[in-house]
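Asker: I have a structure I would like to understand better, so I am pasting it below and will then ask my questions one at a time.
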Amino acid sequence: MTRNPGAITFLPSENEWYKAAYYDPSSGTYFAYPAGTSTPTTCAPPTGTANRANCEAAVGNVTDVGAYTGSPSPYGTFDQGGNVFERNEEFPMSGWGCDVRGVRGGDFLAGAERLVAAARSGAESGDEFEFIGFRVAHMPAGWVAGAEPVHIDIQPHAFPNSIYLTGLPIPVAILGSCQVDVTQIDVTTLAFGPLGATASDLTDPTVYEQSLLDVNGDGAIDLLAFFPPNQTGLKTDQTEACLSGELASVPFQACDSVVVRSGGCGLGAELSGLLPLLIWLHGRRRAA
Ligand SMILES: [Ca+2]
Ligand SMILES: [Ca+2]
Ligand SMILES: [Ca+2]
């Protein structure tokens with residue numbers, strides 16, 4: 001279950017769901033409960049009274065959407081709190097697996113504490129329960145979807161990310177996830193830094209094969225690329241370096257923090273950024 005590129009109608013992401021439930025655009029603040037207030041919602045049968053919801057077995061079953069006429073969110077949505085838990089696209093917790101997606105807002109059985117903004121939960125995509133449903137969201141006309149965000153780690157296993165402009169190649173891990181399949185990256189499009197240094201060695205099939213690794217140990221395969229620092233165009237006053245490329249023919253850009261040094265600190269200082277990765281790679285080979 002992944003939102004199709006350019007989708008107009010979709011399951012909301014957790015952020016979208018959260019904002020619709022708890023955000024007040026007129027004051028620019030978030031409330032704790034999804035009825036325009038931070039006072040805990042009272043579970044009750046359908047009513048026009050403010051801040052009421054179908055929860056804690058007040059009815060014992062689902063109610064019609066919009067039955068709580070006095071309890072819209074500031075954006076005008078109804079029943080985000082209570083009635084049924086609503087699925088979103090989020091992977092709620094790393095380690096829960098790629099089949100578990102977020103659910104929010106509480107249901108007709110649980111207490112009002114499940115309606116609060118901080119309450120997160122998850123359910124497997126195949127789970128079918130009478131208390132789990134979903135909300136469909138719709139984009140305004142003319143909206144164009146962006147690409148799935150890609151994340152990178154410059155100098156994996158090291159921080160801060162010290163770059164020496166005259167030094168050794170800079171390792172950059174492009175982090176895979178349930179949504180980002182790094183094998184879909186066209187390595188010839190990778191460009192790092194303002195001048196777009198290339199990872200030319202990745203066009204060698206043997207090097208490429210050895211560069212598909214789970215660098216951060218989260219279970220998803222990452223792509224480890226190396227870039228010559230003197231071709232990046234980075235300058236010593238820059239605090240961020242960005243990598244661009246194409247994944248499944250869709251352009252992406254991802255950035256990470258850097259400390260850029262002109263050089264002259266000696267090989268020891270230079271290696272301090274690279275060594276943790278080399279040790280990790282070496283340990284990995286020994287274990288294999
Ligand atoms: Ca709900
Ligand atoms: Ca790093
Ligand atoms: Ca990984």
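Every chain in the structure tokens takes a letter, A first, then B, and so on in the order presented; its residues are numbered from 1, and the ligands are numbered from 1 following the presented order.
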Do you know which residues are within 10 Å of ligand 2 using only C-alpha atoms and all ligand atoms? Can you write them as a ChimeraX atom specification?
Answerer: /A:152-162,171-173,256-258,273-274,276-277
Asker: Using only C-alpha atoms, please write the residues we just selected to a file, as an mmCIF file, in the first residue's frame.
Answerer:
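The new file selection.cif reads:
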```cif
data_model
loop_
_atom_site.group_PDB
_atom_site.id
_atom_site.type_symbol
_atom_site.label_atom_id
_atom_site.label_comp_id
_atom_site.auth_asym_id
_atom_site.auth_seq_id
_atom_site.Cartn_x
_atom_site.Cartn_y
_atom_site.Cartn_z
ATOM 1 C CA ILE A 152 21.089 10.188 3.001
ATOM 2 C CA ASP A 153 23.799 9.746 5.625
ATOM 3 C CA ILE A 154 27.080 11.395 4.726
ATOM 4 C CA GLN A 155 29.937 9.438 6.317
ATOM 5 C CA PRO A 156 27.862 6.580 7.749
ATOM 6 C CA HIS A 157 28.767 5.605 11.310
ATOM 7 C CA ALA A 158 30.503 8.985 11.796
ATOM 8 C CA PHE A 159 29.337 12.374 13.061
ATOM 9 C CA PRO A 160 29.981 15.236 12.581
ATOM 10 C CA ASN A 161 30.471 14.705 8.867
ATOM 11 C CA SER A 162 33.891 16.257 8.305
ATOM 12 C CA PRO A 171 31.079 8.064 1.495
ATOM 13 C CA VAL A 172 27.358 8.813 1.211
ATOM 14 C CA ALA A 173 24.729 6.201 2.089
ATOM 15 C CA ASP A 256 22.831 16.049 5.356
ATOM 16 C CA SER A 257 24.934 18.280 7.586
ATOM 17 C CA VAL A 258 28.657 18.737 6.924
ATOM 18 C CA GLY A 273 35.445 10.500 9.270
ATOM 19 C CA LEU A 274 36.019 7.419 7.157
ATOM 20 C CA PRO A 276 34.124 3.991 11.429
ATOM 21 C CA LEU A 277 32.649 3.009 8.068
#
```
Asker: Taking only C-alpha atoms and all ligand atoms into account, which residues are within 6 Å of ligand 3, as a ChimeraX atom specification?
Answerer: /A:175-176,214-222
Asker: Taking only C-alpha atoms and all ligand atoms and a cut-off of 9 Å, can you tell me which residues surround ligand 1, written as a PyMOL selection string?
Answerer: chain A and resi 53-54+78-86+104-108+115+132-135
Asker: Enumerate, as an MDAnalysis selection string, the complete set of residues in range 4-174 of chain A that a backbone-based DSSP assignment places in strand (DSSP E or B).
Answerer: chainID A and resid 9:10 23:24 29:30 33 37 42:43 52:53 85:87 100:104 121:124 132:134 137:138 151:154 162:164 170:174
Asker: Could you please determine the separation between CA of Ile8 in chain A and CA of Glu89 in chain A in Å, to one decimal place?
Answerer: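 About the pair CA of Ile8 in chain A and CA of Glu89 in chain A: they are 14.9 Å apart.
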Asker: Neighbours of Thr47 in chain A within 12 Å (only C-alpha atoms; same-chain residues fewer than 2 positions away dropped), as an mmCIF file with N, CA and C atoms, in the first residue's frame?
Answerer:
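The file below, result_0.cif, is the result:
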```
data_model
loop_
_atom_site.group_PDB
_atom_site.id
_atom_site.type_symbol
_atom_site.label_atom_id
_atom_site.label_comp_id
_atom_site.auth_asym_id
_atom_site.auth_seq_id
_atom_site.Cartn_x
_atom_site.Cartn_y
_atom_site.Cartn_z
ATOM 1 N N THR A 42 -15.457 14.246 25.940
ATOM 2 C CA THR A 42 -16.385 13.410 26.714
ATOM 3 C C THR A 42 -17.035 12.394 25.777
ATOM 4 N N CYS A 43 -16.976 11.117 26.148
ATOM 5 C CA CYS A 43 -17.604 10.070 25.348
ATOM 6 C C CYS A 43 -19.106 10.068 25.638
ATOM 7 N N ALA A 44 -19.907 10.135 24.568
ATOM 8 C CA ALA A 44 -21.361 10.284 24.755
ATOM 9 C C ALA A 44 -22.077 9.825 23.498
ATOM 10 N N PRO A 45 -23.395 9.559 23.602
ATOM 11 C CA PRO A 45 -24.180 9.307 22.388
ATOM 12 C C PRO A 45 -24.208 10.565 21.513
ATOM 13 N N THR A 49 -23.739 18.951 21.373
ATOM 14 C CA THR A 49 -22.843 19.565 22.360
ATOM 15 C C THR A 49 -21.396 19.460 21.881
ATOM 16 N N ALA A 50 -20.624 20.504 22.159
ATOM 17 C CA ALA A 50 -19.231 20.536 21.709
ATOM 18 C C ALA A 50 -18.382 19.477 22.409
ATOM 19 N N ASN A 51 -17.336 19.034 21.717
ATOM 20 C CA ASN A 51 -16.313 18.142 22.274
ATOM 21 C C ASN A 51 -16.878 16.828 22.810
ATOM 22 N N ARG A 52 -17.733 16.225 22.027
ATOM 23 C CA ARG A 52 -18.267 14.894 22.348
ATOM 24 C C ARG A 52 -17.870 13.949 21.215
ATOM 25 N N ALA A 53 -17.775 12.655 21.536
ATOM 26 C CA ALA A 53 -17.418 11.684 20.506
ATOM 27 C C ALA A 53 -17.957 10.309 20.876
ATOM 28 N N ASN A 54 -17.993 9.443 19.879
ATOM 29 C CA ASN A 54 -18.427 8.067 20.074
ATOM 30 C C ASN A 54 -17.243 7.231 20.551
ATOM 31 N N ALA A 58 -19.981 4.356 24.633
ATOM 32 C CA ALA A 58 -21.119 5.235 24.914
ATOM 33 C C ALA A 58 -22.332 4.811 24.099
ATOM 34 N N VAL A 59 -22.076 4.249 22.912
ATOM 35 C CA VAL A 59 -23.151 3.730 22.064
ATOM 36 C C VAL A 59 -23.014 2.218 21.922
ATOM 37 N N THR A 63 -21.375 4.956 14.755
ATOM 38 C CA THR A 63 -22.443 5.943 14.510
ATOM 39 C C THR A 63 -22.211 6.572 13.138
ATOM 40 N N ASP A 64 -23.241 7.214 12.605
ATOM 41 C CA ASP A 64 -23.105 7.859 11.296
ATOM 42 C C ASP A 64 -22.058 8.974 11.355
ATOM 43 N N GLY A 66 -20.550 12.408 11.152
ATOM 44 C CA GLY A 66 -21.156 13.735 11.286
ATOM 45 C C GLY A 66 -22.283 13.794 12.298
ATOM 46 N N ALA A 67 -22.522 12.668 13.014
ATOM 47 C CA ALA A 67 -23.618 12.648 13.987
ATOM 48 C C ALA A 67 -23.336 13.555 15.186
ATOM 49 N N TYR A 68 -22.054 13.812 15.445
ATOM 50 C CA TYR A 68 -21.685 14.693 16.565
ATOM 51 C C TYR A 68 -21.530 16.110 15.993
ATOM 52 N N THR A 69 -22.668 16.753 15.752
ATOM 53 C CA THR A 69 -22.689 17.997 14.970
ATOM 54 C C THR A 69 -21.981 19.156 15.652
ATOM 55 N N GLY A 70 -21.774 19.062 16.954
ATOM 56 C CA GLY A 70 -21.119 20.166 17.663
ATOM 57 C C GLY A 70 -19.625 19.979 17.828
ATOM 58 N N SER A 71 -19.059 18.924 17.218
ATOM 59 C CA SER A 71 -17.666 18.578 17.519
ATOM 60 C C SER A 71 -16.767 18.468 16.283
ATOM 61 N N PRO A 72 -16.871 19.429 15.352
ATOM 62 C CA PRO A 72 -15.938 19.367 14.226
ATOM 63 C C PRO A 72 -14.533 19.798 14.669
#
```
Asker: If you run DSSP over the backbone, which residues in range 33-239 of chain A end up helix (DSSP H, G or I)? Put them as a PyMOL selection string.
Answerer: chain A and resi 112-115+182-184+200-203+205-210+229-231
Asker: Which residues are close to Gly126 in chain A, i.e. within 12 Å by only C-alpha atoms, leaving aside same-chain residues fewer than 6 positions away? Reply as a CSV table (one decimal) with C-alpha atoms, in the first residue's frame.
Answerer:
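What follows is the written file part.csv:
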```csv
chain,number,residue,atom,x,y,z
A,1,MET,CA,0.0,0.0,0.0
A,87,ARG,CA,-5.7,4.0,8.9
A,98,CYS,CA,6.6,-3.1,6.5
A,99,ASP,CA,3.1,-4.5,6.8
A,100,VAL,CA,2.1,-2.5,9.9
A,101,ARG,CA,0.6,0.9,9.2
A,132,ILE,CA,-10.8,0.0,12.3
```
Asker: For range 18-28 of chain A, work out the shell of residues within 7 Å, counting only C-alpha atoms and skipping chain neighbours fewer than 4 positions away, then give it as a list in words.
Answerer: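 Skipping anything fewer than 4 positions along the chain leaves Glu14, Ala32, Tyr33, Pro34, Gly36, Ser73, Pro74, Tyr75, Gln80 and Ala117 of chain A.
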